[in-house]
Amino acid sequence: MSDDEFLTPQEAARLLRVAPVTVRQWAQRGELAFHTTPGGHRRYARAAIETFARQRGIPLADGGADGGLRVLVVDDDPHISAFLALLLRDHDPTVQVECAGNGFEAGFRIESFAPDVVLLDLMMPDLDGFEVARFIKREPLRAATRIICITAYDTPENIARAINAGAEACLGKPLDTGRLLELVFAATPLRAGN
């Protein structure tokens, strides 16, 4: 996107990682500048979005000048984390991947790395994936972060709990890597179970 590009409310929301209604509310309160088309539709200049995000400490979903999609892998098995990081980077070299070995470390990484997508193991000691998902979705600035759960215990109950905690999908192990890549690189959340 160029600096002089104009975005729809949906595009602006995706870039800011919030719901379109939030973008409209900011515009109505005069906090976010917009232009009105001859047809009466709001459009947001990319430069205005970037200034707004910078002033509020909101990391942009496209990574800004940093590059592509940001993915946090959270798994207590370092071999699985390394495999997933390699899989993602092989699929798209612009993807930025960080790994966390437990739920507590994930909390710190979520704050510092501001991922677009979290690949989250459900069964970890101490702080499990269900609680990590709830932590992510609890804060409005993180609420648009996409969560894809991965578990060896993909029972209907665990899948339902993961979705209720904020995940858009829950994949079983052994992992269908094609499906995982499809979900991670999807343009919009799918809100699907398995």
# chains A, B, ... in the order shown; residues from 1 in each chain; ligands from 1
call {"tool": "residues_around", "arguments": {"residues": "Ala61 in chain A", "least_positions_apart": "6", "cutoff": "7 Å", "atoms": "only C-alpha atoms", "output": "ChimeraX atom specification"}}
result
/A:14-17,116
call {"tool": "residues_around", "arguments": {"residues": "Met124 in chain A", "least_positions_apart": "6", "cutoff": "8 Å", "atoms": "only C-alpha atoms", "output": "CSV table (one decimal) with N, CA and C atoms, in the first residue's frame"}}
result
chain,number,residue,atom,x,y,z
A,75,ASP,N,4.1,-23.4,22.0
A,75,ASP,CA,4.1,-24.8,22.2
A,75,ASP,C,5.2,-25.2,23.2
A,76,ASP,N,4.9,-26.1,24.1
A,76,ASP,CA,6.0,-26.5,25.1
A,76,ASP,C,6.9,-27.5,24.5
A,102,ASN,N,5.9,-21.6,26.7
A,102,ASN,CA,4.8,-21.8,27.7
A,102,ASN,C,3.8,-20.6,27.6
A,103,GLY,N,2.8,-20.8,28.4
A,103,GLY,CA,1.7,-19.7,28.4
A,103,GLY,C,2.2,-18.4,29.0
call {"tool": "select_by_dssp", "arguments": {"residues": "range 51-84 of chain A", "states": "alpha helix (DSSP H)", "output": "PyMOL selection string"}}
result
chain A and resi 51-56+78-84
call {"tool": "residues_around", "arguments": {"residues": "His35 in chain A", "least_positions_apart": "3", "cutoff": "10 Å", "atoms": "only C-alpha atoms", "output": "number ranges by chain"}}
result
A: 6-7, 27, 38, 40-45
call {"tool": "select_by_dssp", "arguments": {"residues": "range 21-89 of chain A", "states": "strand (DSSP E or B)", "output": "PyMOL selection string"}}
result
chain A and resi 35-36+42-45+70-74
call {"tool": "closest_residue", "arguments": {"among": "A:Val74, A:Leu84, A:Ala53, A:Ala100", "to": "Cys149 in chain A", "atoms": "only C-alpha atoms"}}
result
A:Val74
call {"tool": "residues_around", "arguments": {"residues": "Arg161 in chain A", "least_positions_apart": "6", "cutoff": "10 Å", "atoms": "only C-alpha atoms", "output": "mmCIF file with C-alpha atoms, in the first residue's frame"}}
result
data_model
loop_
_atom_site.group_PDB
_atom_site.id
_atom_site.type_symbol
_atom_site.label_atom_id
_atom_site.label_comp_id
_atom_site.auth_asym_id
_atom_site.auth_seq_id
_atom_site.Cartn_x
_atom_site.Cartn_y
_atom_site.Cartn_z
ATOM 1 C CA LEU A 122 -3.854 -26.195 24.172
ATOM 2 C CA PHE A 130 -7.424 -21.934 26.832
ATOM 3 C CA THR A 155 -12.059 -33.956 21.409
ATOM 4 C CA ALA A 167 -9.907 -19.426 18.652
ATOM 5 C CA CYS A 170 -8.697 -26.025 16.441
#
call {"tool": "atom_distance", "arguments": {"atom1": "CA of Arg138 in chain A", "atom2": "CA of Glu111 in chain A"}}
result
13.0 Å
call {"tool": "closest_atom_pairs", "arguments": {"of": "range 53-118 of chain A", "to": "range 174-187 of chain A", "cutoff": "10 Å", "atoms": "only C-alpha atoms", "output": "Markdown table"}}
result
| residue | atom | partner | partner_atom | distance |
| --- | --- | --- | --- | --- |
| A:Leu69 | CA | A:Phe185 | CA | 8.3 |
| A:Val71 | CA | A:Val184 | CA | 8.4 |
| A:Leu84 | CA | A:Thr177 | CA | 9.0 |
| A:Leu87 | CA | A:Thr177 | CA | 8.2 |
| A:Leu88 | CA | A:Leu181 | CA | 7.3 |
| A:His91 | CA | A:Leu181 | CA | 7.8 |
| A:Asp92 | CA | A:Phe185 | CA | 9.2 |
| A:Val95 | CA | A:Phe185 | CA | 9.7 |
| A:Asp116 | CA | A:Val184 | CA | 9.4 |
| A:Val117 | CA | A:Val184 | CA | 6.9 |
| A:Val118 | CA | A:Val184 | CA | 8.8 |
call {"tool": "write_last_selection", "arguments": {"atoms": "C-alpha atoms", "output": "mmCIF file, in the first residue's frame"}}
result
data_model
loop_
_atom_site.group_PDB
_atom_site.id
_atom_site.type_symbol
_atom_site.label_atom_id
_atom_site.label_comp_id
_atom_site.auth_asym_id
_atom_site.auth_seq_id
_atom_site.Cartn_x
_atom_site.Cartn_y
_atom_site.Cartn_z
ATOM 1 C CA LEU A 69 2.494 -11.381 8.660
ATOM 2 C CA VAL A 71 2.986 -15.260 13.787
ATOM 3 C CA LEU A 84 6.072 -24.810 12.576
ATOM 4 C CA LEU A 87 6.967 -24.513 7.708
ATOM 5 C CA LEU A 88 5.665 -20.931 7.835
ATOM 6 C CA HIS A 91 5.642 -21.052 2.694
ATOM 7 C CA ASP A 92 6.176 -17.275 2.851
ATOM 8 C CA VAL A 95 6.432 -13.989 7.502
ATOM 9 C CA ASP A 116 -1.325 -11.074 13.804
ATOM 10 C CA VAL A 117 -1.787 -14.833 14.335
ATOM 11 C CA VAL A 118 -1.072 -17.083 17.322
#
call {"tool": "atom_distance", "arguments": {"atom1": "CA of Lys173 in chain A", "atom2": "CA of Thr151 in chain A"}}
result
5.8 Å
call {"tool": "atom_distance", "arguments": {"atom1": "CA of Val73 in chain A", "atom2": "CA of Leu119 in chain A"}}
result
4.8 Å
call {"tool": "residues_around", "arguments": {"residues": "range 57-59 of chain A", "least_positions_apart": "5", "cutoff": "12 Å", "atoms": "only C-alpha atoms", "output": "number ranges by chain"}}
result
A: 13-18, 49-52, 64-66, 69-70, 110-116, 140-142, 144-145
call {"tool": "closest_residue", "arguments": {"among": "A:Gly166, A:Gly30, A:Gly101, A:Gly68", "to": "Arg89 in chain A", "atoms": "only C-alpha atoms"}}
result
A:Gly68
call {"tool": "decode", "arguments": {"residues": "range 28-58 of chain A", "atoms": "N, CA and C atoms", "output": "compact mmCIF listing (two decimals), in the first residue's frame"}}
result
# COMPACT_ATOMS: atom_id res chain seq x y z
N GLN A 28 -16.30 9.07 14.09
CA GLN A 28 -17.42 9.89 14.57
C GLN A 28 -16.99 10.81 15.70
N ARG A 29 -16.05 10.38 16.54
CA ARG A 29 -15.56 11.21 17.65
C ARG A 29 -14.49 12.19 17.20
N GLY A 30 -14.10 12.14 15.91
CA GLY A 30 -13.09 13.06 15.40
C GLY A 30 -11.67 12.65 15.71
N GLU A 31 -11.47 11.42 16.16
CA GLU A 31 -10.13 10.95 16.51
C GLU A 31 -9.37 10.44 15.29
N LEU A 32 -10.08 9.97 14.28
CA LEU A 32 -9.47 9.41 13.08
C LEU A 32 -10.01 10.15 11.86
N ALA A 33 -9.10 10.82 11.14
CA ALA A 33 -9.51 11.61 9.97
C ALA A 33 -10.00 10.70 8.84
N PHE A 34 -11.00 11.20 8.11
CA PHE A 34 -11.52 10.44 6.98
C PHE A 34 -12.00 11.40 5.91
N HIS A 35 -12.21 10.86 4.73
CA HIS A 35 -12.77 11.59 3.60
C HIS A 35 -14.08 10.91 3.24
N THR A 36 -15.01 11.69 2.70
CA THR A 36 -16.29 11.13 2.27
C THR A 36 -16.34 11.12 0.74
N THR A 37 -16.69 9.98 0.17
CA THR A 37 -16.80 9.86 -1.28
C THR A 37 -18.08 10.55 -1.75
N PRO A 38 -18.21 10.84 -3.05
CA PRO A 38 -19.46 11.42 -3.56
C PRO A 38 -20.69 10.56 -3.23
N GLY A 39 -20.48 9.27 -3.06
CA GLY A 39 -21.58 8.37 -2.70
C GLY A 39 -21.87 8.32 -1.22
N GLY A 40 -21.10 9.09 -0.41
CA GLY A 40 -21.35 9.16 1.03
C GLY A 40 -20.61 8.12 1.86
N HIS A 41 -19.62 7.44 1.28
CA HIS A 41 -18.87 6.42 2.01
C HIS A 41 -17.58 7.00 2.58
N ARG A 42 -17.21 6.54 3.75
CA ARG A 42 -15.97 7.00 4.38
C ARG A 42 -14.78 6.26 3.81
N ARG A 43 -13.69 7.00 3.63
CA ARG A 43 -12.42 6.43 3.21
C ARG A 43 -11.33 7.05 4.09
N TYR A 44 -10.33 6.23 4.42
CA TYR A 44 -9.27 6.64 5.34
C TYR A 44 -7.93 6.62 4.62
N ALA A 45 -7.21 7.72 4.69
CA ALA A 45 -5.88 7.79 4.08
C ALA A 45 -4.92 6.92 4.89
N ARG A 46 -4.11 6.17 4.18
CA ARG A 46 -3.14 5.31 4.86
C ARG A 46 -2.24 6.13 5.78
N ALA A 47 -1.82 7.29 5.35
CA ALA A 47 -0.95 8.14 6.19
C ALA A 47 -1.66 8.51 7.49
N ALA A 48 -2.97 8.80 7.41
CA ALA A 48 -3.74 9.14 8.62
C ALA A 48 -3.83 7.94 9.56
N ILE A 49 -4.02 6.75 8.98
CA ILE A 49 -4.07 5.52 9.79
C ILE A 49 -2.73 5.30 10.50
N GLU A 50 -1.63 5.47 9.77
CA GLU A 50 -0.32 5.26 10.37
C GLU A 50 -0.04 6.26 11.49
N THR A 51 -0.41 7.52 11.29
CA THR A 51 -0.22 8.54 12.34
C THR A 51 -1.05 8.19 13.56
N PHE A 52 -2.32 7.85 13.33
CA PHE A 52 -3.23 7.46 14.41
C PHE A 52 -2.65 6.29 15.21
N ALA A 53 -2.19 5.26 14.49
CA ALA A 53 -1.64 4.07 15.14
C ALA A 53 -0.39 4.41 15.94
N ARG A 54 0.49 5.22 15.38
CA ARG A 54 1.72 5.62 16.06
C ARG A 54 1.41 6.37 17.35
N GLN A 55 0.45 7.30 17.30
CA GLN A 55 0.09 8.10 18.47
C GLN A 55 -0.48 7.24 19.60
N ARG A 56 -1.10 6.15 19.25
CA ARG A 56 -1.74 5.29 20.26
C ARG A 56 -0.96 4.01 20.55
N GLY A 57 0.19 3.85 19.90
CA GLY A 57 1.00 2.65 20.14
C GLY A 57 0.37 1.39 19.60
N ILE A 58 -0.42 1.50 18.52
CA ILE A 58 -1.07 0.34 17.93
C ILE A 58 -0.19 -0.18 16.80
